[in-house]
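Visitor: I am attaching a structure below and will ask some questions about it afterwards.
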Amino acid sequence: MSFRDRLRRLRREQDLPRGNVASALEGTTRAVDSPALSGMPAHPTTASDKPDLGAPKALIAFEGPGGPGEARVTTFDASHRHGSYALDEVTGAQLDDLVLLTGDDSLADLDLEQAIYLDTETTGLSGGAGTYVFQIGLGRFLKSPQGPRFEVWQGFLSGPEGERALLSECARRIADRSGVVSFFGKSFDRHRLEDKMTLCGVPAPFADRPHLDLYHPCRRLYRGAYGDGRLKTLEKELCGVQREDDLPGSEAPEAWFDYLAGRPHQLEGVFRHNLDDVLSLVSLATHLGHARREQRPDGSALEGNPRTRALGISRSAAGRQNRSEALRWIERAIEREAQPVRSLLRERADLLRLDGQSDGAVLAYRELLAAGTDRESVPCLLELAKLLEHHARDLAGALECCRCAAILIESQHTGPEYARLVRDLRKRLTRLEKKVAP
Amino acid sequence: MSTHDPSTPTPGRHPQRSPAKGGERLKRRAGDAQSIAKALREDPEFRDALEVWREFPARPALTREFPTRLDGRLLKVLADKGITELFEHQARAIELALDRKDLLVATPTASGKTLCYSLPVLQALLESGGSARALFLFPTKALSQDQSNSLTGLIEALGADWHAFTYDGDTPPSVRRSLRDRGHMILTNPWMLHSGILPNHSKWAELFRDLRYIVIDEVHTLSGVFGSSVANVLRRLLRIAAHYGSHPTFIGCSATLANAADHGEALFGRRPMVVDGDGSPSGARLFTLYNPPMLNPVAGLRANALEEARKLARHLCGPQHQTIFFCRRRTAVEVLTRYLRESAASMGLKPEEIRGYRGGYLPLLRREIEADLRNGSAKVVVSTNALELGIDIGSLDVAVLVGYPGSQASFWQRAGRVGRRGKPSLCVQIAQSDPVDQYLARHPDYLFSEPQQKLALDADNLVILSEQLKCAAFELPFQEGAEAGSLRDVSYGQVENAAEVLDYLAEESGMLLKRAGRWYWMADAYPAQDVSLDSGEADNVLILDVQTDQAVGEIDRESSITTVHEGAIYQVEGETWIVERFDYKNRRAYVRLVDTDYFTEAEVHTEVRVLRLELCRSRARDVAPVDRPVRPQATQSLPAQDLPAEGEDCSVWRGEVHVTTLATMFKKIRFYTRENVGADDISLPPEELDTDAFVLTLSESTASELGLHGGDRGAAWHGVGHLVRRVAPLYVRCQPNDLGISTQVKAPHFNCPALYLYDRVQGGVGLAELLFQGYRAVLRAALSVAQGCACDNGCPACVGPVEEVGPLGKETAIKILQHLVSGPDLLEAEVEGEELVGAQLTTDQGLGDSLGAHGSASTGGVDAESGSAPPQAGPR
């Protein structure tokens, strides 16, 4: 018996056809009761109904600091429209908006024309040393004799041995620019690259460089409006980008594995997907930089849900203690709703109170309570009671609020989190009753 | 000679005992070991059952000056703690470590091992100006916490800006980053190293750049599948360290071991210097073995050890000294603690002076009990093996072992809890009705001799190796060596088959890609997540409570068909659960808590087929060794045979076997009386196992001379196998359940009686090899147990109950064992090198009914916390 037969037997893989064990898994979720294979992704899984797109075309060789590698360079006129935005319209983006929406002050120094637009394709989301960054898309604005251009350099790992060359060229290109723009890159792409750069002994270029990650501000503005928060959804809703024949990012690893193993593959689809991602970074940054103007560069209305946007800007401003800005946008958010929305009214009232606008806060709480009461109203009633007692000196009004709260608490089943409120309420009731009583 | 105790860097660990609670109490009960022993000897209720007494004189400390290379700042810190010199073994260990020699310190508990590794690490930090790093592996979170506090204390005393951090599943993600970048000493466990640190090594680059020492504590717990997996994790660790340019030194610590250097080499991949010879002082030691009276000679049943412990307590516990009881199960801890508290007053104690201690208690409570033991306010503690590991509880006076803990190392770890203050101490071992316990009752010197138990570890088990190579390839690609089929790799370069396994993973599993002489990980997966350290294979059966869906336990693949079949009673810590449904395919068994008066025992057919024999020893019926003749050519039905040579007496073998186990039916057996109260069928597919086995064969002529004939043939032969399996742990560190047994009176492969003891792990982890080396001692122990057993015709404490072995079973078994252990040694013999397996070995083969041996597997409870491998979940 050969060593391989013995190993196959010990690994309990002898039921699988020889040659390629994994192929037995094709099209099934977990075909075999094999411990060694359980938990492994079915691989290879490339669906055979898609045509083989052939070897990646138009690759050019580069000679970077870490050796030779391959990349594809695609150049656009800076006025090229990706979706509804021209790429160079990004220059009109307001850095103030970006700082406000991200809460990142270092972005005040970001020059969007000098930044690098980064998006990578990797062989897995879990990270770890065995995950490859096999494609690195880097977009940048350039001046050329023909006029301003936008160039997308797509470094490609044509084999795992080329990692160091690719990473060092990537690091050089990033270091060459003053800032980074990405989508979820602060949480993902940057770490994958840094891990790999450490592994390959390449100094990582990210520290001390402003990094605009579009993911979090987009979520802040449109949370709830566009469910999944993915780039593909956002670019469509916010920038009118329509992709054709897009290869889902989740199929990218298989495309690369297939390419390396010499099987039919979809690698060209990965190049296109990555290119579109990089272009969308520019459009999305442009969109975000117009958020507070709510107008596109041509003066027409900004795409995107104006209600969630107003609330998102308000919350971002509140998070930076900019209450006047927060109040301005919460008012807009309230106006943009057809019906009074109690959560918004509550936010406005709280903001007014925190801002020391007690009269306004009293009115706002009253408006909120007029929109309906339930046990959620108890904390609001207590806040209002405090304002009435200490600021407006309306003891009778404060007492009424507390009684109201007491009724709400007693009439509705409440959880343990209300125990504190009940104590608070009782104290206040006793005190007020004492004060009111002659 | 100094009066300090270098094992205790914390001053004031043993403050004066709290003032007497009452003069009366003081007078009434003497607290020293000698008086306690005297009282026991004089008590007519116990004196006859105290079958063994041994006395060992006090031993002074062997001390030495600090190695001259140690930094003056370090010496000052130690002097401030009252430590002005070292024990002999500490000094030797530190010198070796400073010379960057791999070492294994194999000395008992509380001999001051902490200094052996903390001083070299601190010295390295001082010498390197803080750039050196050290990684510590502990088997439990509690131990790493304990040690990180003590290391932090030393760092603070040095006034250095260094950090010792524990990194485990409890470490919040928010602090992990600073821990990675700022930790000079990282204290973790094998699981975190395997699944957290190594796969993300670039995040840990700071640790690996100047990694000087890898400290591994409790090395004796690293055996079997777990140890074999950890050995591979260490290989991976060395690869990564080398990638970042460092070549760390191993400092291992363990209990005393029979094969310390071999075991260290198997684990580290490099042969360590062994430092043994405990130089710490010890008071006079008294040892006694209490063998509970025989209640039922037919059933071989002795009085319950726990109940006897309770009775003995009235002599063993008192207000003037501290007593520790070690139980084998968690429930026993609770029961005995309750018993003792109820009778506290009669021992002159308050109930709150009696504490229970076991895994599962909250960490805070455990810390409190440990502190109470150190400061003397707790007088009695009842514990599982949780207090066997190096948690600091000071030194106590009387140790009571309720049942032999299953290994010599554990015995000494437990016994080592007493007698370290230079005062006399007493250790009482209470025997149970178990072959090993009964062997020790007759051969107590086994316990005090050189270590006998060898640890089995096979880092090259192909299942474990191939799974670990996946993890290693994920971490760094492998480089082919200059010669075909070789690897250029700091760890796996010398490992046989490693390159072939990589080729297999590349070409058959498609997880790796081989390109230009390198193997790269090539899959969208994180292999460490799917590779378990505790079981070689990933398909254990999870046992779930139907009512809560909570996991009650876990059981390995092969045991599942006899333990969690529908209708089985599954026992955990004295609780009985009935299996309602066994979802075989999805590896889940659903159980419900029930109160039963019976347990279940499954009948199994086990068929062992020899795949390949590698080693043989044999002897002839006359004294001269025989020439083994060429085997007859294979026939159709029996493709290959190793038939006994003309004039052969008996042989032992080591080889690969294929085991098919089919559970056929189960019996319901009443507790205590063993009365059969019902039976039912089991319909589950057979389990297949490919593993290593130790085989014992008797020639037909010898067998018939010994009376292996008639209807009881198989039964007596099986009785021998049963007993050998039970006593094997005396010489091979394992649980009896780690070994499978099969006996055949006419083995098709040998055409004579054969007895197979096989490693119950796919691929084997070295148990068969150790048995092959040490079978004679095992057989001798088996004979001694069978001969010495007070039962009439066989009982569970020797060859098995008479219902199983037949009326002549015990007699025949003794005759066989006698024959085997007497006469000349077996001599090495040739093994035909032919490959025995081929296409004929498939899983659909029917089970031979007439030839298939049968045996039984009971659903006996899990020996809580005493396994050599920590529980599956591990401290993550």
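Chain lettering (A, B, ...) mirrors the order of the structure tokens, residue numbering begins at 1 for each chain separately, and ligand numbering begins at 1 in order of display.
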Should the cut-off be 7 Å, what would the residue list for chain B against chain A look like, counting only C-alpha atoms, as a list in words?

Guide: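 Putting it all together, I get Pro199, Asn200, His201, Ser202, Lys203, Leu462, Val463, Phe474, Glu475, Tyr504, Glu507, Glu508, Ser509, Gly510, Trp521, Met522, Asp524, Ala525, Tyr526, Asp530, Glu537, Ala538, Asp539, Asp690, Gln762, Gly763, Glu835, Val837 and Gly838 of chain B.
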
Visitor: Would you kindly return, as an NGL selection string, each protein, DNA or RNA residue with an atom no farther than 9 Å from any atom of Asp489 (chain B), considering only C-alpha atoms and excluding same-chain residues fewer than 2 positions away?

Guide: :B and (239 or 478-481 or 487 or 491-494)

Visitor: Region 497-536 of chain B: which residues are helix (DSSP H, G or I) by DSSP, as a list in words?

Guide: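 Assigned to helix (DSSP H, G or I), within region 497-536 of chain B: Ala498, Ala499, Glu500, Val501, Leu502, Asp503, Tyr504, Leu505, Ala506, Glu507, Pro527, Ala528, Gln529 and Asp530 of chain B.
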
Visitor: For those residues, write C-alpha atoms to a file as a short mmCIF file (atom, residue, chain, number, x, y, z; two decimals), in the first residue's frame.

Guide:
data_model
loop_
_atom_site.label_atom_id
_atom_site.label_comp_id
_atom_site.auth_asym_id
_atom_site.auth_seq_id
_atom_site.Cartn_x
_atom_site.Cartn_y
_atom_site.Cartn_z
CA ALA B 498 6.09 15.70 5.97
CA ALA B 499 6.77 16.47 2.31
CA GLU B 500 4.57 13.61 1.20
CA VAL B 501 1.75 14.84 3.39
CA LEU B 502 2.09 18.29 1.87
CA ASP B 503 1.89 16.78 -1.60
CA TYR B 504 -1.22 14.91 -0.56
CA LEU B 505 -2.81 18.09 0.77
CA ALA B 506 -1.92 19.88 -2.45
CA GLU B 507 -2.90 17.22 -4.93
CA PRO B 527 -7.60 25.87 9.45
CA ALA B 528 -6.72 26.28 13.13
CA GLN B 529 -10.39 26.84 13.82
CA ASP B 530 -11.26 23.36 12.59
#

Visitor: To one decimal in Å, tell me the separation between CA of Asp228 (chain A) and CA of Trp329 (chain A).

Guide: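 These two atoms are separated by 24.4 Å.
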
Visitor: Between CA of Arg133 (chain B) and CA of Lys76 (chain B), what is the spacing in Å?

Guide: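 Distance reported for this atom pair: 22.4 Å.
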
Visitor: Quick one: distance from CA of Ser784 (chain B) to CA of Arg285 (chain B) in Å, one decimal?

Guide: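 Between these atoms lies a distance of 27.3 Å.
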
Visitor: So that I can check the secondary structure, give me every residue of region 168-348 of chain A assigned strand (DSSP E) by backbone DSSP, as JSON, numbers by chain.

Guide: {"A": [179, 180, 181, 182, 211, 212, 213]}

Visitor: Restricting it to C-alpha atoms, dump the selection as an mmCIF file, in the first residue's frame.

Guide:
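Dumped to out-v2.cif:
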data_model
loop_
_atom_site.group_PDB
_atom_site.id
_atom_site.type_symbol
_atom_site.label_atom_id
_atom_site.label_comp_id
_atom_site.auth_asym_id
_atom_site.auth_seq_id
_atom_site.Cartn_x
_atom_site.Cartn_y
_atom_site.Cartn_z
ATOM 1 C CA GLY A 179 -3.965 60.320 2.252
ATOM 2 C CA VAL A 180 -6.043 57.194 1.768
ATOM 3 C CA VAL A 181 -9.681 56.722 0.810
ATOM 4 C CA SER A 182 -11.313 53.328 1.201
ATOM 5 C CA HIS A 211 -7.525 57.814 6.032
ATOM 6 C CA LEU A 212 -11.090 58.415 4.960
ATOM 7 C CA ASP A 213 -13.100 55.238 5.449
#

Visitor: Tell me, as a PyMOL selection string, which residues lie within 9 Å of region 79-95 of chain A, counting only C-alpha atoms; anything in the same chain fewer than 4 positions away does not count.

Guide: chain A and resi 99-100+107-113+141+148-150+235-236+238-242+276+279-280+282-292+296-297

Visitor: Could you please take those selected residues and save C-alpha atoms as a tab-separated table (two decimals), in the first residue's frame?

Guide:
chain	number	residue	atom	x	y	z
A	99	VAL	CA	-14.63	65.59	9.42
A	100	LEU	CA	-18.09	65.98	10.93
A	107	LEU	CA	-9.29	64.51	7.65
A	108	ALA	CA	-9.17	68.30	7.69
A	109	ASP	CA	-5.75	67.85	6.07
A	110	LEU	CA	-6.93	65.36	3.49
A	111	ASP	CA	-6.47	66.44	-0.09
A	112	LEU	CA	-8.86	64.33	-2.13
A	113	GLU	CA	-6.95	65.10	-5.31
A	141	PHE	CA	-5.50	61.73	-9.93
A	148	PRO	CA	-6.02	65.75	-15.75
A	149	ARG	CA	-6.46	62.00	-15.56
A	150	PHE	CA	-7.55	59.40	-13.06
A	235	GLU	CA	-23.07	53.32	-4.98
A	236	LYS	CA	-26.31	52.48	-6.72
A	238	LEU	CA	-26.25	57.42	-3.82
A	239	CYS	CA	-24.25	57.70	-7.03
A	240	GLY	CA	-26.42	56.00	-9.60
A	241	VAL	CA	-23.78	53.42	-10.41
A	242	GLN	CA	-25.09	50.40	-12.31
A	276	ASP	CA	-15.51	49.51	-10.26
A	279	LEU	CA	-14.09	54.29	-9.06
A	280	SER	CA	-17.03	54.11	-6.67
A	282	VAL	CA	-14.37	58.58	-5.71
A	283	SER	CA	-18.08	58.97	-6.39
A	284	LEU	CA	-19.04	58.08	-2.85
A	285	ALA	CA	-16.50	60.54	-1.41
A	286	THR	CA	-17.98	63.21	-3.68
A	287	HIS	CA	-21.44	62.38	-2.43
A	288	LEU	CA	-20.43	62.55	1.22
A	289	GLY	CA	-18.62	65.81	0.69
A	290	HIS	CA	-21.91	67.34	-0.45
A	291	ALA	CA	-23.97	65.94	2.39
A	292	ARG	CA	-24.68	69.16	4.26
A	296	ARG	CA	-25.05	67.89	-6.26
A	297	PRO	CA	-22.29	69.93	-7.92

Visitor: Do you know which residues are at most 12 Å from Asp258 (chain A) counting only C-alpha atoms, after dropping those on the same chain fewer than 3 positions away, and could you put them as a ChimeraX atom specification?

Guide: /A:43-48,52-55,123,158-159,251-255,261-267 /B:510-511,513,522-523

Visitor: Would you pick out the contacts of Ala241 (chain B) at 12 Å or less, using only C-alpha atoms, so that residues sharing its chain but fewer than 2 positions from it are not included, and give the list as a PyMOL selection string?

Guide: (chain A and resi 199) or (chain B and resi 133-135+197-198+201-202+204-214+234-239+243-249+475-476+490-491)

Visitor: For the selection just defined, write its residues with C-alpha atoms to a file, as a PDB file, in the first residue's frame.

Guide:
ATOM      1  CA  LEU A 199       5.239  39.092   7.292  1.00  0.00           C
TER       2      LEU A 199
ATOM      3  CA  ARG B 133      10.628  38.187  25.115  1.00  0.00           C
ATOM      4  CA  ALA B 134       9.280  34.999  26.691  1.00  0.00           C
ATOM      5  CA  LEU B 135       6.218  32.915  26.041  1.00  0.00           C
ATOM      6  CA  ILE B 197      -1.367  33.649  18.126  1.00  0.00           C
ATOM      7  CA  LEU B 198       0.305  31.508  15.468  1.00  0.00           C
ATOM      8  CA  HIS B 201       1.823  35.858  13.867  1.00  0.00           C
ATOM      9  CA  SER B 202       2.451  39.112  12.051  1.00  0.00           C
ATOM     10  CA  TRP B 204       2.642  39.270  17.244  1.00  0.00           C
ATOM     11  CA  ALA B 205       5.828  40.176  15.423  1.00  0.00           C
ATOM     12  CA  GLU B 206       7.113  42.034  18.511  1.00  0.00           C
ATOM     13  CA  LEU B 207       6.934  38.834  20.530  1.00  0.00           C
ATOM     14  CA  PHE B 208       8.693  36.734  17.920  1.00  0.00           C
ATOM     15  CA  ARG B 209      11.524  39.102  17.001  1.00  0.00           C
ATOM     16  CA  ASP B 210      13.550  38.345  20.099  1.00  0.00           C
ATOM     17  CA  LEU B 211      11.827  35.368  21.650  1.00  0.00           C
ATOM     18  CA  ARG B 212      14.380  33.899  24.073  1.00  0.00           C
ATOM     19  CA  TYR B 213      12.435  31.390  26.127  1.00  0.00           C
ATOM     20  CA  ILE B 214       9.423  29.176  25.758  1.00  0.00           C
ATOM     21  CA  LEU B 234       5.532  23.882  19.221  1.00  0.00           C
ATOM     22  CA  ARG B 235       7.012  22.905  15.863  1.00  0.00           C
ATOM     23  CA  ARG B 236       4.887  25.631  14.313  1.00  0.00           C
ATOM     24  CA  LEU B 237       6.001  28.056  16.988  1.00  0.00           C
ATOM     25  CA  LEU B 238       9.672  27.406  16.227  1.00  0.00           C
ATOM     26  CA  ARG B 239       9.063  27.920  12.498  1.00  0.00           C
ATOM     27  CA  HIS B 243      10.974  33.443  10.402  1.00  0.00           C
ATOM     28  CA  TYR B 244      11.366  36.507  12.604  1.00  0.00           C
ATOM     29  CA  GLY B 245      14.957  35.586  13.384  1.00  0.00           C
ATOM     30  CA  SER B 246      14.774  34.144  16.876  1.00  0.00           C
ATOM     31  CA  HIS B 247      15.730  30.725  18.177  1.00  0.00           C
ATOM     32  CA  PRO B 248      14.111  30.293  21.582  1.00  0.00           C
ATOM     33  CA  THR B 249      15.139  27.894  24.318  1.00  0.00           C
ATOM     34  CA  GLU B 475       1.140  30.399   8.699  1.00  0.00           C
ATOM     35  CA  LEU B 476       4.105  30.195   6.346  1.00  0.00           C
ATOM     36  CA  VAL B 490      13.502  24.376  10.852  1.00  0.00           C
ATOM     37  CA  SER B 491      10.830  22.177  12.420  1.00  0.00           C
TER      38      SER B 491
END
